[in-house]
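Read through the structure below, which is laid out as structure tokens, and then see the notes.
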Number of protein chains: 2
Amino acid sequence: MRISTESKPLPLRQISIQDNFWSEYIRLVREVVVPYQWEALNDRIEGVEPSHAIRNFKIAAGLEKGSFYGMVFQDSDVAKWLEAVSYLLEAEANPELGRLADEVIEIIAKAQQADGYLNTYFTLKEPGGRWTNLAECHELYCAGHMIEAAVAYYSATGKSKLLEVACRLADCIDGAFGPEEGKIRGYDGHPEIELALIKLARTTNNETYAELSRFFVDERGKEPGFYELEFHRRGGTVHFPSLDMVHDRAYSQAHMPVRRQETAEGHAVRAVYLIAGMADVAAETGDLELLEACRRLWRNIVSKRMYVTGAIGSMAQGESFSLDYDLPGDTAYAETCASIGLIFLAHRMLQIEAKSEYADVMERALFNTVISGMSQDGRHFFYVNPLEVWPEACGKNKNLDHVKPQRQGWFGCACCPPNIARLLASLGQYVYTASENTVYAHLFIGSEAEFCMADGHKVKLIQHSQLPWEGKVQFELVLENAVPFTLAVRVPDWCPEARLRINGDDWPSDPTVDGYVRIVRNWQPQDVVELDLAMPVLRIKGHPLLRETAGKVALQRGPVVYCLEEADNGPNLHQFALPASSEPSAHFDRGLLRGLQIIQAAAERAVAEEWDQQLYKANEAVRTEPVTATFIPYFAWANRGLGEMTVWVRESYGNPLEG
Amino acid sequence: MRISTESKPLPLRQISIQDNFWSEYIRLVREVVVPYQWEALNDRIEGVEPSHAIRNFKIAAGLEKGSFYGMVFQDSDVAKWLEAVSYLLEAEANPELGRLADEVIEIIAKAQQADGYLNTYFTLKEPGGRWTNLAECHELYCAGHMIEAAVAYYSATGKSKLLEVACRLADCIDGAFGPEEGKIRGYDGHPEIELALIKLARTTNNETYAELSRFFVDERGKEPGFYELEFHRRGGTVHFPSLDMVHDRAYSQAHMPVRRQETAEGHAVRAVYLIAGMADVAAETGDLELLEACRRLWRNIVSKRMYVTGAIGSMAQGESFSLDYDLPGDTAYAETCASIGLIFLAHRMLQIEAKSEYADVMERALFNTVISGMSQDGRHFFYVNPLEVWPEACGKNKNLDHVKPQRQGWFGCACCPPNIARLLASLGQYVYTASENTVYAHLFIGSEAEFCMADGHKVKLIQHSQLPWEGKVQFELVLENAVPFTLAVRVPDWCPEARLRINGDDWPSDPTVDGYVRIVRNWQPQDVVELDLAMPVLRIKGHPLLRETAGKVALQRGPVVYCLEEADNGPNLHQFALPASSEPSAHFDRGLLRGLQIIQAAAERAVAEEWDQQLYKANEAVRTEPVTATFIPYFAWANRGLGEMTVWVRESYGNPLEG
């Protein structure tokens, strides 16, 4: 029994992105990130610690001699690469990439054990240790990524070799795990297998995999704690001695059964991967109780634990959530991967119930934290995306040890860059979903999409979008004959006024339903829908329970959150205050980076120069001077050398001592 | 050659404190802290991990069987106890305490090795390891505390047994360390021996000890690094594996020679102990270059690295300084001991040059961080003194793991409580200093003090003080005959207007010299000096380069810094803003704790109740409501159950949306 309200994304072969903003990112993934990662996986990047990931598979396949090297989850890098490649191949033929992928798949298939087991770390390094350290060793996590890659590659190419590997692997897992006597009642420290198994179930129509996923979801957090049990069974060894994955159960969301969890806890990436998997299981099995748990955890994240940039994870320790309304800007972890996981989760919730809040968050994370994660050359990456950076303090105040004020090359633990790659390569999946007779337009991204309606009619939708810089969007309907269906167009949370025209005529702006304008119409060939989304500069305030944002304001225009950067404003950005009466104006600066809409506003700046050596003074106002504050999109910061950045700026109400 | 401007504190036997505010603290030290510590040192406190400190000495003395237990610096607890006891004994006879002290001294003397060496850890646990791990093992630190205790006990009682132990120990150290061939060119990780040796030199008139102190001061930070050298010599073992005392040279101020250091770095307690020792060496040897280094480091601390409460140490990692103008309120380390060390340093600088800025900082640290460190029952202590506490976040946001929102019992590493004890027990030393013909009144603490002027005249000064609640101070001169001398009375930095009367007549308020009103006069018996220090509520602003205080204000009245506490104002203190136009008023609340001056002010509070679940909103002002904010002295916070506290409050300029 499935949930009746569901809508589904388009297969990537049915949507092609041609967008002024996003095509360049996808090109970077295709031409820079994925090729670079291929070189990295094959240890051909000078000066970078070797990945050894392909070699591990070759050795496990008996094709080369040697021993395992790398992190315990090194296999997942190859899988993520294959997944990204699959999405690129589905969107556009690329024989060379296809050949590389086929080669790798041959090796992977040979590395698989006779019983279906596949994991080069355990095969090569701890052959007897299989399934003995689920808390720490990422076996099912790696399996999940391989399954996702297999499903993607099969969808893209129709080639079944990797899918067969994945099925044998999943069968092997199914043989080892489950509620039955003699099987392990355990679950991976890092959720991922859950959502992967649902993809596999849907692709193979084999509900065994969905059942196994549900088992993993429901087993998590039961008493007695599985991680302690396996810890004692294996004699108390630990893989990551500096962490405490065994006993810190919330780190892996194993502190209580997931259906009872009220708040998103622990490692933020793990949390959102888990909830995404829960949403998948709920959708696949019609489990409304589980769906309610997903809604509850979603609500907790977006209403109490999410940065305005769509980032999550308030602290470096455990890369994790902390507590409600605790969103420090400078010590934030705010991992790129966590925002990607939040998009995975939002996308799944959106398919279950088409409410614009999911798409709003998806868009917020995408336009801010995710693309902040990658430099404009596609070669440098942020893992950590704080909202306030003081480079001089990084390395000196140890609470900021995790913060890099400049994007770094490919890291030793290479999770974020391949995650950005697979998300951007599959961006087409996020633009629309469709149910029987409704097409939902969630994101405004220039594209050509083909829908096959329930009655068999084909509908082609050509979208033109000027986002994120202007709110003009156009949908051209390319039809052979008239087709009756509902086009549900999202009105974003950042838009105070949306105007619709159909074929040039104003379309009455009915109240939206769950954030979507629903145009029910017998569509005619060449119908054109024009959407005019007002895109004023928004002064964003944080909830009064948020400490970090008290008395402060952030600027946003469209989906893009802005920041002050030292390159435009000089150092000591904390000295800036934006008067409540100041009216920010936006204009496009073609010469800035790849061309950006910038925002300028009359502001005040505290003057330090005339203050003497006294650190504190009594009964003396700090003099301010009028300045023009220049804001750039948050995602574009740190592309012009080392400097300060802040998203939140103090708001003032006209300091009488100004001048 | 000594420095000509020096003034000296009074021996404690010549000053007796009778003060409305401070006598109670001293009583607590005498009747609660010191007796409790005695029980703790003897392992007689139920439910508290045994100290074993006295037993270690008994075992080393051959009086008991057993083995060493405790921290490597456990001996210093006994020494600090003895030092506090000495001060109490010097101020007031106490046969029972004297008997206990004599008993302990007997044991200590027996524990001393034939060659003068004294350290129970190495004697019992690593007999071959003496002087092999200066970076980590606190041998000279423990020796320093024993020497300080010995000097104090000799001054108090005239008994020389412990002083002889100290001299033999110092001679043993002098035999082992020094620039000569065959001696160790090293220095302790934790400075302390430096200032102790100067005390010993002064008490014994043996300049060898001052020379040895100078050696330790100047050896620190030379190349090649001593800690690395000894680390390799001992085969690379470490005592505290979780720290990196060997290679993190700045942690122990060993990153460069002290005369070249421009900024206060590393462990804050170590830093101020070191600079205090440097000041002692400078004073003792007339070393003006070294004095200049002290002034420079002092200036760096007080003008760039000190909290408004006189606390130092911006981060828990390394319990240390971070960088200029980095003074986060919530993650502060701000150790009680570090402020005590800052007082030691200020007191030494004040003796070298009577400038009120030293006394101002001394007073700031004393009235705020130091006494915040102890509960009003003398049984609970803060090690860490942040300026902003959100109890719910403690334990959840790991950056706050070091912060305890309530005072704790005697800790395992018991540094702060005995340090508070020895400071308060010797408080009389801090009230005055005197040079040949000038008496400097630094602190306004009710007391009777006897001075012996250069010409042999005796002068008794009876001080009455209403501080910290009112600025009225009176000095009665008790003389047999007229005595010409200068009474230099400090005008504190918090006082905008000081009025002086002598025998009821206004005394022309000449400009102060270095912050002191200098009354040059042939004093007559029964002369009375009245000082009226205006004590308005001060609105304190932080330097414009301080990020933490931007747009914020703190209230101070007299030397006392105030805070908002949840007990008076409810939770979510970040919602408060103090309008610039608000006029705070102070009044004495007899019923609050032991009676406190509180401050109330019209304020605004952001209203959370009517804000819905949205975490961020656009173009909507946060509504505020008018409230009365109640401030209490910072030192008195956390005496009324668990709750929030903040020193810095946002300042507003009349939010037009208020109401």
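Labels used: A, B, ... for chains in the order of the structure tokens, numbers from 1 for residues in each chain, and numbers from 1 for ligands as shown.
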
For this session: When you get a sec, could you note down which chain B residues fall within 8 Å of chain A, using only C-alpha atoms, as an NGL selection string?
Result: :B and (302-304 or 308 or 314-315 or 317 or 322-323 or 326 or 393 or 396-399 or 494 or 538-545 or 547 or 550-551 or 572 or 574-575 or 606-608 or 611 or 613-622 or 650 or 652-656)

Problem set entry | Selection near A:Asp330, 8 Å with only C-alpha atoms, sequence-local residues under 3 positions removed, as a PyMOL selection string | chain A and resi 386-389+400

Exercise. What lies within 8 Å of stretch 422-434 of chain B using only C-alpha atoms, ignoring chain neighbours under 5 positions off, as number ranges by chain?
Worked result: B: 7-12, 15-17, 25-26, 29-30, 80-81, 83-85, 87-88, 340, 347, 351, 439-445, 451

May I have the residues from that selection written out with N, CA, C and O atoms, as a compact mmCIF listing (two decimals), in the first residue's frame?
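result-v5.txt written:
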# COMPACT_ATOMS: atom_id res chain seq x y z
N SER B 7 57.61 50.58 46.06
CA SER B 7 56.97 50.61 47.37
C SER B 7 56.66 49.17 47.76
O SER B 7 56.64 48.29 46.91
N LYS B 8 56.46 48.96 49.04
CA LYS B 8 56.35 47.57 49.53
C LYS B 8 55.03 47.38 50.27
O LYS B 8 54.55 48.27 50.95
N PRO B 9 54.46 46.18 50.16
CA PRO B 9 53.24 45.91 50.94
C PRO B 9 53.57 45.76 52.43
O PRO B 9 54.73 45.52 52.78
N LEU B 10 52.55 45.89 53.22
CA LEU B 10 52.72 45.68 54.66
C LEU B 10 52.78 44.19 54.97
O LEU B 10 52.03 43.42 54.39
N PRO B 11 53.64 43.81 55.91
CA PRO B 11 53.52 42.44 56.42
C PRO B 11 52.12 42.28 57.01
O PRO B 11 51.57 43.23 57.57
N LEU B 12 51.59 41.08 56.89
CA LEU B 12 50.21 40.87 57.35
C LEU B 12 50.04 41.13 58.85
O LEU B 12 48.96 41.49 59.29
N ILE B 15 48.68 44.60 59.49
CA ILE B 15 47.39 45.06 58.98
C ILE B 15 46.30 44.05 59.35
O ILE B 15 46.48 42.84 59.19
N SER B 16 45.23 44.60 59.85
CA SER B 16 44.13 43.73 60.24
C SER B 16 42.87 44.23 59.53
O SER B 16 42.54 45.42 59.59
N ILE B 17 42.24 43.31 58.83
CA ILE B 17 41.08 43.71 58.04
C ILE B 17 39.81 43.62 58.88
O ILE B 17 39.55 42.58 59.50
N TYR B 25 34.40 37.08 53.81
CA TYR B 25 35.16 36.18 52.93
C TYR B 25 36.35 35.56 53.67
O TYR B 25 36.65 34.38 53.53
N ILE B 26 37.00 36.41 54.44
CA ILE B 26 38.18 35.92 55.16
C ILE B 26 37.74 34.92 56.25
O ILE B 26 38.40 33.91 56.47
N VAL B 29 37.23 31.67 54.61
CA VAL B 29 38.50 31.00 54.36
C VAL B 29 38.99 30.33 55.64
O VAL B 29 39.39 29.16 55.64
N ARG B 30 38.92 31.09 56.74
CA ARG B 30 39.45 30.58 58.01
C ARG B 30 38.61 29.44 58.56
O ARG B 30 39.11 28.42 59.00
N LYS B 80 50.02 24.87 49.25
CA LYS B 80 49.09 26.01 49.19
C LYS B 80 48.28 26.12 50.48
O LYS B 80 47.99 27.20 50.95
N TRP B 81 47.94 24.96 51.04
CA TRP B 81 47.22 24.96 52.31
C TRP B 81 48.08 25.59 53.39
O TRP B 81 47.65 26.46 54.14
N GLU B 83 50.46 27.65 53.00
CA GLU B 83 50.65 29.08 52.74
C GLU B 83 49.43 29.86 53.25
O GLU B 83 49.58 30.88 53.94
N ALA B 84 48.23 29.35 52.95
CA ALA B 84 47.01 30.03 53.43
C ALA B 84 46.99 30.03 54.95
O ALA B 84 46.67 31.05 55.58
N VAL B 85 47.33 28.89 55.55
CA VAL B 85 47.37 28.81 57.02
C VAL B 85 48.34 29.84 57.59
O VAL B 85 48.05 30.52 58.57
N TYR B 87 49.22 32.72 56.39
CA TYR B 87 48.64 34.07 56.35
C TYR B 87 47.61 34.25 57.46
O TYR B 87 47.54 35.29 58.10
N LEU B 88 46.79 33.21 57.67
CA LEU B 88 45.80 33.30 58.74
C LEU B 88 46.50 33.45 60.10
O LEU B 88 46.08 34.24 60.94
N ILE B 340 43.54 35.27 39.73
CA ILE B 340 44.38 35.38 40.93
C ILE B 340 45.82 35.66 40.51
O ILE B 340 46.49 36.54 41.06
N HIS B 347 49.95 43.25 41.46
CA HIS B 347 50.49 43.65 42.76
C HIS B 347 51.99 43.89 42.67
O HIS B 347 52.54 44.83 43.28
N GLN B 351 54.04 47.57 42.95
CA GLN B 351 55.17 47.82 43.85
C GLN B 351 56.33 48.47 43.11
O GLN B 351 57.07 49.27 43.67
N VAL B 439 52.74 56.62 51.71
CA VAL B 439 51.84 55.47 51.88
C VAL B 439 50.82 55.51 50.75
O VAL B 439 50.15 56.53 50.55
N TYR B 440 50.76 54.43 49.99
CA TYR B 440 49.80 54.33 48.90
C TYR B 440 48.60 53.54 49.37
O TYR B 440 48.76 52.40 49.83
N ALA B 441 47.42 54.13 49.25
CA ALA B 441 46.20 53.38 49.55
C ALA B 441 45.61 52.90 48.23
O ALA B 441 45.07 53.71 47.47
N HIS B 442 45.75 51.58 47.98
CA HIS B 442 45.32 51.05 46.68
C HIS B 442 43.89 50.55 46.71
O HIS B 442 43.12 50.79 45.79
N LEU B 443 43.57 49.84 47.76
CA LEU B 443 42.24 49.24 47.83
C LEU B 443 41.50 49.86 49.01
O LEU B 443 42.10 50.19 50.03
N PHE B 444 40.19 49.96 48.86
CA PHE B 444 39.38 50.54 49.91
C PHE B 444 38.72 49.42 50.70
O PHE B 444 37.64 48.94 50.36
N ILE B 445 39.45 48.98 51.69
CA ILE B 445 39.05 47.85 52.50
C ILE B 445 39.25 48.24 53.97
O ILE B 445 40.36 48.64 54.36
N PHE B 451 52.26 51.53 59.93
CA PHE B 451 53.41 51.79 59.07
C PHE B 451 54.55 52.30 59.92
O PHE B 451 54.35 53.03 60.88

For this session: Measuring atom to atom with only C-alpha atoms, identify which of A:His255, A:His464, A:Lys472, A:Arg490 is nearest to A:Tyr358.
Result: A:Arg490

For this session: Extract, using only C-alpha atoms, all DNA, RNA and protein residues at most 9 Å from A:Asn133, discarding same-chain residues fewer than 4 positions from it, and format them as a list in words.
Result: Gly129, Cys137, His138, Glu139, Asp188, Gly189, Tyr227, Glu230, Phe231, Arg234, Thr237, Val238 and His239 of chain A

Problem set entry | Close residues, A:Arg348 itself excluded, 7 Å, only C-alpha atoms, min 5 positions apart in chain, as a PyMOL selection string | chain A and resi 276+279-280

Okay, now the selection with all heavy atoms, as a CSV table (one decimal), in the first residue's frame?
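New file again-v1.csv:
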chain,number,residue,atom,x,y,z
A,276,ALA,N,15.8,10.5,5.6
A,276,ALA,CA,15.5,10.2,4.2
A,276,ALA,C,15.1,8.8,3.9
A,276,ALA,O,14.1,8.5,3.2
A,276,ALA,CB,16.6,10.7,3.3
A,279,ALA,N,11.7,8.1,5.3
A,279,ALA,CA,10.7,8.6,4.4
A,279,ALA,C,10.5,7.7,3.3
A,279,ALA,O,9.3,7.4,2.9
A,279,ALA,CB,11.1,10.0,3.9
A,280,ASP,N,11.5,7.1,2.8
A,280,ASP,CA,11.4,6.1,1.7
A,280,ASP,C,10.6,4.9,2.1
A,280,ASP,O,9.8,4.4,1.4
A,280,ASP,CB,12.8,5.7,1.3
A,280,ASP,CG,13.5,6.7,0.3
A,280,ASP,OD1,12.8,7.4,-0.4
A,280,ASP,OD2,14.7,6.6,0.1

Exercise. Near A:Val361, within 8 Å and counting only C-alpha atoms, which residues show up once chain neighbours fewer than 6 positions away are dropped, as a ChimeraX atom specification?
Worked result: /A:302,310,343,346

Given the selection you just returned, output its residues as a file containing all heavy atoms, formatted as an mmCIF file, in the first residue's frame.
data_model
loop_
_atom_site.group_PDB
_atom_site.id
_atom_site.type_symbol
_atom_site.label_atom_id
_atom_site.label_comp_id
_atom_site.auth_asym_id
_atom_site.auth_seq_id
_atom_site.Cartn_x
_atom_site.Cartn_y
_atom_site.Cartn_z
ATOM 1 N N VAL A 302 13.925 22.099 10.634
ATOM 2 C CA VAL A 302 13.749 23.363 9.909
ATOM 3 C C VAL A 302 13.197 24.468 10.795
ATOM 4 O O VAL A 302 13.349 25.639 10.475
ATOM 5 C CB VAL A 302 12.874 23.199 8.640
ATOM 6 C CG1 VAL A 302 13.505 22.163 7.706
ATOM 7 C CG2 VAL A 302 11.437 22.853 8.975
ATOM 8 N N GLY A 310 20.444 27.170 5.079
ATOM 9 C CA GLY A 310 20.087 25.774 4.829
ATOM 10 C C GLY A 310 21.140 24.801 5.323
ATOM 11 O O GLY A 310 21.124 23.620 4.962
ATOM 12 N N ILE A 343 18.676 18.030 1.450
ATOM 13 C CA ILE A 343 17.983 18.091 0.156
ATOM 14 C C ILE A 343 17.404 16.713 -0.192
ATOM 15 O O ILE A 343 16.262 16.606 -0.655
ATOM 16 C CB ILE A 343 18.949 18.603 -0.943
ATOM 17 C CG1 ILE A 343 19.249 20.086 -0.689
ATOM 18 C CG2 ILE A 343 18.379 18.364 -2.335
ATOM 19 C CD1 ILE A 343 20.317 20.676 -1.596
ATOM 20 N N ALA A 346 14.353 16.466 1.929
ATOM 21 C CA ALA A 346 13.287 17.361 1.459
ATOM 22 C C ALA A 346 12.648 16.806 0.190
ATOM 23 O O ALA A 346 11.427 16.838 0.018
ATOM 24 C CB ALA A 346 13.871 18.752 1.208
#

Exercise. Between atom CA of A:Phe240 and atom CA of A:Pro50, what is the distance, to one decimal in Å?
Worked result: 20.6 Å

For this session: Have a look at atom CA of B:Asn368 and atom CA of B:Val384 and let me know their distance in Å, one decimal.
Result: 12.6 Å

For this session: Would you mind writing down, as a ChimeraX atom specification, each residue of stretch 408-446 of chain A that DSSP on the backbone assigns to strand (DSSP E)?
Result: /A:432-435,438-441

For this session: Kindly give the distance, in Å, that separates atom CA of B:Glu450 and atom CA of B:Val473, rounded to a single decimal.
Result: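 Separation between atom CA of B:Glu450 and atom CA of B:Val473: 17.9 Å.
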